[in-house]
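Asks: Next comes model.cif, mmCIF, C-alpha atoms:
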```
data_protein
loop_
_atom_site.label_atom_id
_atom_site.label_comp_id
_atom_site.auth_asym_id
_atom_site.auth_seq_id
_atom_site.Cartn_x
_atom_site.Cartn_y
_atom_site.Cartn_z
CA MET F 1 52.11 128.26 0.48
CA THR F 2 55.72 127.41 1.30
CA THR F 3 58.33 127.83 -1.40
CA THR F 4 61.01 125.13 -1.59
CA THR F 5 64.41 125.13 -3.27
CA LEU F 6 63.00 122.86 -6.00
CA ASP F 7 60.40 125.51 -6.89
CA VAL F 8 62.67 128.52 -7.23
CA ALA F 9 65.26 129.65 -9.76
CA LEU F 10 66.94 132.95 -10.48
CA LEU F 11 66.61 134.88 -13.73
CA ALA F 12 69.01 137.78 -14.31
CA PRO F 13 70.48 139.87 -17.10
CA VAL F 14 74.27 140.07 -17.43
CA PRO F 15 76.13 141.90 -20.21
CA LEU F 16 77.49 139.41 -22.74
CA GLU F 17 81.09 140.66 -22.40
CA HIS F 18 81.02 139.85 -18.66
CA LEU F 19 79.56 136.39 -19.34
CA LEU F 20 82.32 135.59 -21.82
CA ASP F 21 85.07 136.73 -19.43
CA GLY F 22 83.17 135.26 -16.48
CA ALA F 23 83.18 131.79 -18.04
CA ILE F 24 87.01 131.90 -18.08
CA VAL F 25 87.15 133.05 -14.44
CA CYS F 26 84.65 130.38 -13.44
CA LYS F 27 86.68 127.65 -15.09
CA ARG F 28 89.90 128.89 -13.45
CA GLU F 29 88.55 129.71 -9.96
CA GLY F 30 85.51 127.41 -9.72
CA ARG F 31 83.15 130.39 -9.44
CA VAL F 32 82.54 133.89 -10.75
CA ALA F 33 80.91 136.91 -9.11
CA PHE F 34 78.54 139.44 -10.68
CA GLY F 35 77.47 142.67 -8.97
CA SER F 36 73.96 143.78 -8.04
CA ARG F 37 72.18 146.49 -6.10
CA ALA F 38 69.15 144.20 -5.56
CA TRP F 39 70.38 142.83 -2.23
CA GLU F 40 66.80 142.03 -1.14
CA VAL F 41 66.41 139.45 -3.95
CA PHE F 42 69.54 137.60 -2.88
CA ARG F 43 68.70 137.66 0.82
CA LYS F 44 65.27 136.22 0.03
CA LEU F 45 66.77 133.56 -2.23
CA ASP F 46 69.33 132.56 0.40
CA GLU F 47 66.49 132.23 2.92
CA ILE F 48 64.55 129.93 0.56
CA ARG F 49 67.46 127.83 -0.68
CA ASN F 50 68.74 126.86 2.78
CA GLY F 51 72.35 126.53 1.61
CA LEU F 52 71.60 124.48 -1.50
CA PRO F 53 72.66 125.60 -5.00
CA VAL F 54 69.87 126.97 -7.21
CA ASP F 55 69.58 127.02 -11.01
CA MET F 56 70.43 130.39 -12.51
CA TYR F 57 69.07 131.43 -15.91
CA ILE F 58 70.91 134.31 -17.54
CA TYR F 59 69.76 136.70 -20.23
CA ALA F 60 72.81 137.98 -22.14
CA SER F 61 72.19 141.72 -22.26
CA HIS F 62 74.06 144.26 -24.38
CA SER F 63 74.65 141.65 -27.09
CA PRO F 64 75.49 142.72 -30.62
CA GLY F 65 73.02 141.94 -33.37
CA PRO F 66 69.26 141.55 -33.19
CA LEU F 67 67.48 141.48 -29.84
CA ARG F 68 67.04 137.88 -28.68
CA LEU F 69 64.42 137.46 -25.98
CA GLU F 70 65.86 134.26 -24.58
CA VAL F 71 67.95 132.88 -21.77
CA SER F 72 71.20 131.79 -23.37
CA TRP F 73 73.38 131.06 -20.33
CA HIS F 74 73.00 128.82 -17.28
CA ALA F 75 74.84 128.48 -13.97
CA ARG F 76 74.32 127.29 -10.40
CA TYR F 77 73.85 130.07 -7.85
CA ILE F 78 75.91 129.30 -4.74
CA GLY F 79 75.43 132.46 -2.68
CA HIS F 80 76.13 136.15 -2.36
CA VAL F 81 78.60 138.29 -0.46
CA GLU F 82 78.18 141.85 0.77
CA SER F 83 80.36 144.39 -0.96
CA ILE F 84 83.03 146.35 0.86
CA ASN F 85 82.66 149.97 -0.25
CA GLY F 86 81.07 148.62 -3.44
CA ALA F 87 83.87 146.18 -4.27
CA HIS F 88 84.03 142.41 -3.96
CA PRO F 89 85.71 141.43 -0.65
CA GLU F 90 88.35 139.46 -2.58
CA GLY F 91 89.03 142.17 -5.15
CA MET F 92 89.06 141.06 -8.78
CA ARG F 93 89.83 137.36 -8.12
CA PHE F 94 86.27 136.22 -8.88
CA ARG F 95 85.22 139.14 -11.09
CA PRO F 96 85.19 139.10 -14.90
CA PRO F 97 88.18 141.16 -16.14
CA SER F 98 85.85 143.03 -18.53
CA THR F 99 84.30 144.78 -15.51
CA ALA F 100 87.58 146.66 -14.96
CA LYS F 101 86.77 148.81 -18.03
CA TYR F 102 83.97 150.48 -16.07
CA PRO F 103 85.30 152.60 -13.17
CA ASP F 104 82.16 152.31 -11.01
CA ASP F 105 81.78 148.57 -11.52
CA ASN F 106 84.26 147.57 -8.84
CA LEU F 107 84.43 150.78 -6.80
CA GLY F 108 81.37 151.72 -4.82
CA TYR F 109 78.52 150.77 -7.13
CA TRP F 110 77.32 147.31 -6.06
CA ALA F 111 75.62 146.34 -2.79
CA VAL F 112 76.27 142.60 -3.19
CA PHE F 113 78.02 140.17 -5.46
CA TRP F 114 76.17 137.01 -6.42
CA GLU F 115 78.35 134.04 -7.11
CA VAL F 116 77.79 131.14 -9.48
CA GLU F 117 79.54 127.95 -10.48
CA GLN F 118 79.28 125.89 -13.68
CA LEU F 119 78.65 128.96 -15.87
CA ARG F 120 78.09 127.90 -19.47
CA GLU F 121 76.48 129.11 -22.66
CA LEU F 122 73.42 127.09 -23.61
CA LEU F 123 73.18 125.31 -26.94
CA PRO F 124 70.56 126.85 -29.27
CA GLU F 125 68.10 124.00 -28.58
CA GLU F 126 68.46 124.50 -24.79
CA ARG F 127 67.58 128.20 -24.78
CA ILE F 128 64.36 129.38 -23.14
CA PRO F 129 62.32 132.40 -24.27
CA THR F 130 62.15 134.98 -21.47
CA GLY F 131 58.37 135.10 -21.84
CA GLU F 132 58.10 131.48 -20.66
CA PHE F 133 59.31 132.34 -17.16
CA CYS F 134 56.86 133.04 -14.36
CA GLY F 135 57.75 135.19 -11.38
CA LEU F 136 57.72 133.50 -8.00
CA ASN F 137 54.24 133.80 -6.46
CA LYS F 138 52.80 135.06 -9.78
CA ARG F 139 49.93 133.45 -11.66
CA LYS F 140 50.93 134.03 -15.28
CA PRO F 141 54.18 133.86 -17.25
CA TYR F 142 55.82 137.06 -18.42
CA LYS F 143 54.82 138.43 -21.83
CA ARG F 144 56.56 137.35 -25.03
CA ASN F 145 58.51 140.61 -25.22
CA PHE F 146 59.77 140.44 -21.61
CA VAL F 147 63.32 141.71 -21.04
CA PRO F 148 64.64 141.19 -17.50
CA GLU F 149 66.10 144.41 -16.12
CA GLY F 150 67.44 142.96 -12.88
CA PRO F 151 67.59 139.71 -10.92
CA ILE F 152 64.20 138.09 -10.35
CA LEU F 153 63.09 135.04 -8.40
CA VAL F 154 61.12 132.79 -10.75
CA ILE F 155 59.37 129.45 -10.65
CA HIS F 156 61.78 126.78 -11.80
CA PRO F 157 60.94 126.03 -15.46
#
```
Step by step, read the file and then write its structure as structure tokens.
Replies:
Amino acid sequence: MTTTTLDVALLAPVPLEHLLDGAIVCKREGRVAFGSRAWEVFRKLDEIRNGLPVDMYIYASHSPGPLRLEVSWHARYIGHVESINGAHPEGMRFRPPSTAKYPDDNLGYWAVFWEVEQLRELLPEERIPTGEFCGLNKRKPYKRNFVPEGPILVIHP
């Protein structure tokens, strides 16, 4: 079976503080970059998407209050760039300022930086439980208590 861009989406956790700062960067710069060590996921996605943007569903991790097993942010994935010694090739221009609080975050930790546009918080009625997502090439959705621990290719909901 051939996967098309219409079939695939990306599901990933991002700490809430980086989403909040990232939304400001995205509005100012037109995009924001988040780091990852899962370079294989992004290479596969770029192969499938053939240059087209892909919907990105984001689980806000490290949020205060009770655990909410839902996607509460959305963006359009536009590509990834390889890190240079673990840092974004353009420095902090497209990075959330909150990442500067963590010494390893911008110095040697990440393999790639995935970039998104149109980052926004979803309204409560737009949010999707994480257990309703189904991994790409999987037969069943994730369980109700599913917490994404890294970027995952999923079937577009």
Asks: List every protein, DNA or RNA residue with an atom no more than 10 Å from (74.3, 126.7, -0.5) in the file's coordinates, counting only C-alpha atoms, and format the result as a PyMOL selection string.
Replies: chain F and resi 46+49-54+76-80
Asks: What does the distance from CA of Val116 in chain F to CA of Pro89 in chain F come to in Å, to one decimal?
Replies: 15.7 Å
Asks: Which one is closest to Pro96 in chain F: F:Glu70, F:Asp21, F:Asp7, F:Glu149? Count only C-alpha atoms.
Replies: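 Checking each of F:Glu70, F:Asp21, F:Asp7, F:Glu149 against Pro96 in chain F, counting only C-alpha atoms, the winner is F:Asp21.
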Asks: Taking the file above as input, evaluate the PyMOL selection byres ((chain F and resi 60) around 6) and report the hits as a count of residues only.
Replies: 6
Asks: As a check of understanding, name the residues that the PyMOL selection byres ((chain F and resi 56) around 7) selects in the supplied structure, as number ranges by chain.
Replies: F: 9-11, 54-55, 57-58, 74-77
Asks: CA of Leu107 in chain F to CA of Glu40 in chain F: how many Å, to one decimal?
Replies: 20.5 Å
Asks: Using only C-alpha atoms, which protein or nucleic acid residues come within 7 Å of Ser83 in chain F? Drop anything in the same chain fewer than 6 positions from it, and give the result as a list in words.
Replies: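 Near neighbours after the sequence-gap exclusion: Pro89, Trp110, Ala111, Val112 and Phe113 of chain F.
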Asks: Produce a file of the selected residues containing C-alpha atoms, as an mmCIF file, keeping the file's coordinate frame.
Replies:
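That gives us part-v5.cif:
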```cif
data_model
loop_
_atom_site.group_PDB
_atom_site.id
_atom_site.type_symbol
_atom_site.label_atom_id
_atom_site.label_comp_id
_atom_site.auth_asym_id
_atom_site.auth_seq_id
_atom_site.Cartn_x
_atom_site.Cartn_y
_atom_site.Cartn_z
ATOM 1 C CA PRO F 89 85.710 141.430 -0.650
ATOM 2 C CA TRP F 110 77.320 147.310 -6.060
ATOM 3 C CA ALA F 111 75.620 146.340 -2.790
ATOM 4 C CA VAL F 112 76.270 142.600 -3.190
ATOM 5 C CA PHE F 113 78.020 140.170 -5.460
#
```
Asks: Could you list the residues chosen by the PyMOL selection byres ((chain F and resi 29) around 12) in this structure as a PyMOL selection string?
Replies: chain F and resi 22-28+30-33+92-96+115-119
Asks: Closest to Pro157 in chain F among F:Val81, F:Ile48, F:Leu122, F:Val71, using all atoms listed in the file?
Replies: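 Ranking F:Val81, F:Ile48, F:Leu122, F:Val71 by distance to Pro157 in chain F, first place goes to F:Val71.
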Asks: Interatomic distance between CA of Pro148 in chain F and CA of Gly135 in chain F?
Replies: 11.0 Å
Asks: Can you sort out the box for range 80-87 of chain F, edges along x, y and z, all listed atoms in, 6 Å on every side, with centre and edge lengths in Å to one decimal, as lines of an AutoDock Vina configuration file?
Replies:
```
center_x = 80.0
center_y = 143.1
center_z = -1.7
size_x = 19.7
size_y = 25.8
size_z = 17.1
```
Asks: Have a look at F:Glu121, F:Thr130, F:Pro97, F:Glu82 and name the one nearest to Arg37 in chain F; count all atoms listed in the file.
Replies: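 Under the stated criterion, the closest residue is F:Glu82.
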Asks: Between F:Glu125, F:Glu17, F:Arg139, F:Ile152, single out the one closest to Pro64 in chain F, counting all atoms listed in the file.
Replies: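 Between F:Glu125, F:Glu17, F:Arg139, F:Ile152, the residue approaching Pro64 in chain F most closely is F:Glu17.
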Asks: Check the smallest atom-to-atom distance from each of F:Asn137, F:Ser63, F:Asn85, F:Ser36 to Gly108 in chain F using all atoms listed in the file, then report the winner.
Replies: F:Asn85
Asks: For a quick check of understanding, using all atoms listed in the file, which of F:Leu153, F:Gly131, F:Arg144, F:Leu67 has the smallest distance to Phe42 in chain F?
Replies: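 Using all atoms listed in the file, Phe42 in chain F sits closest to F:Leu153.
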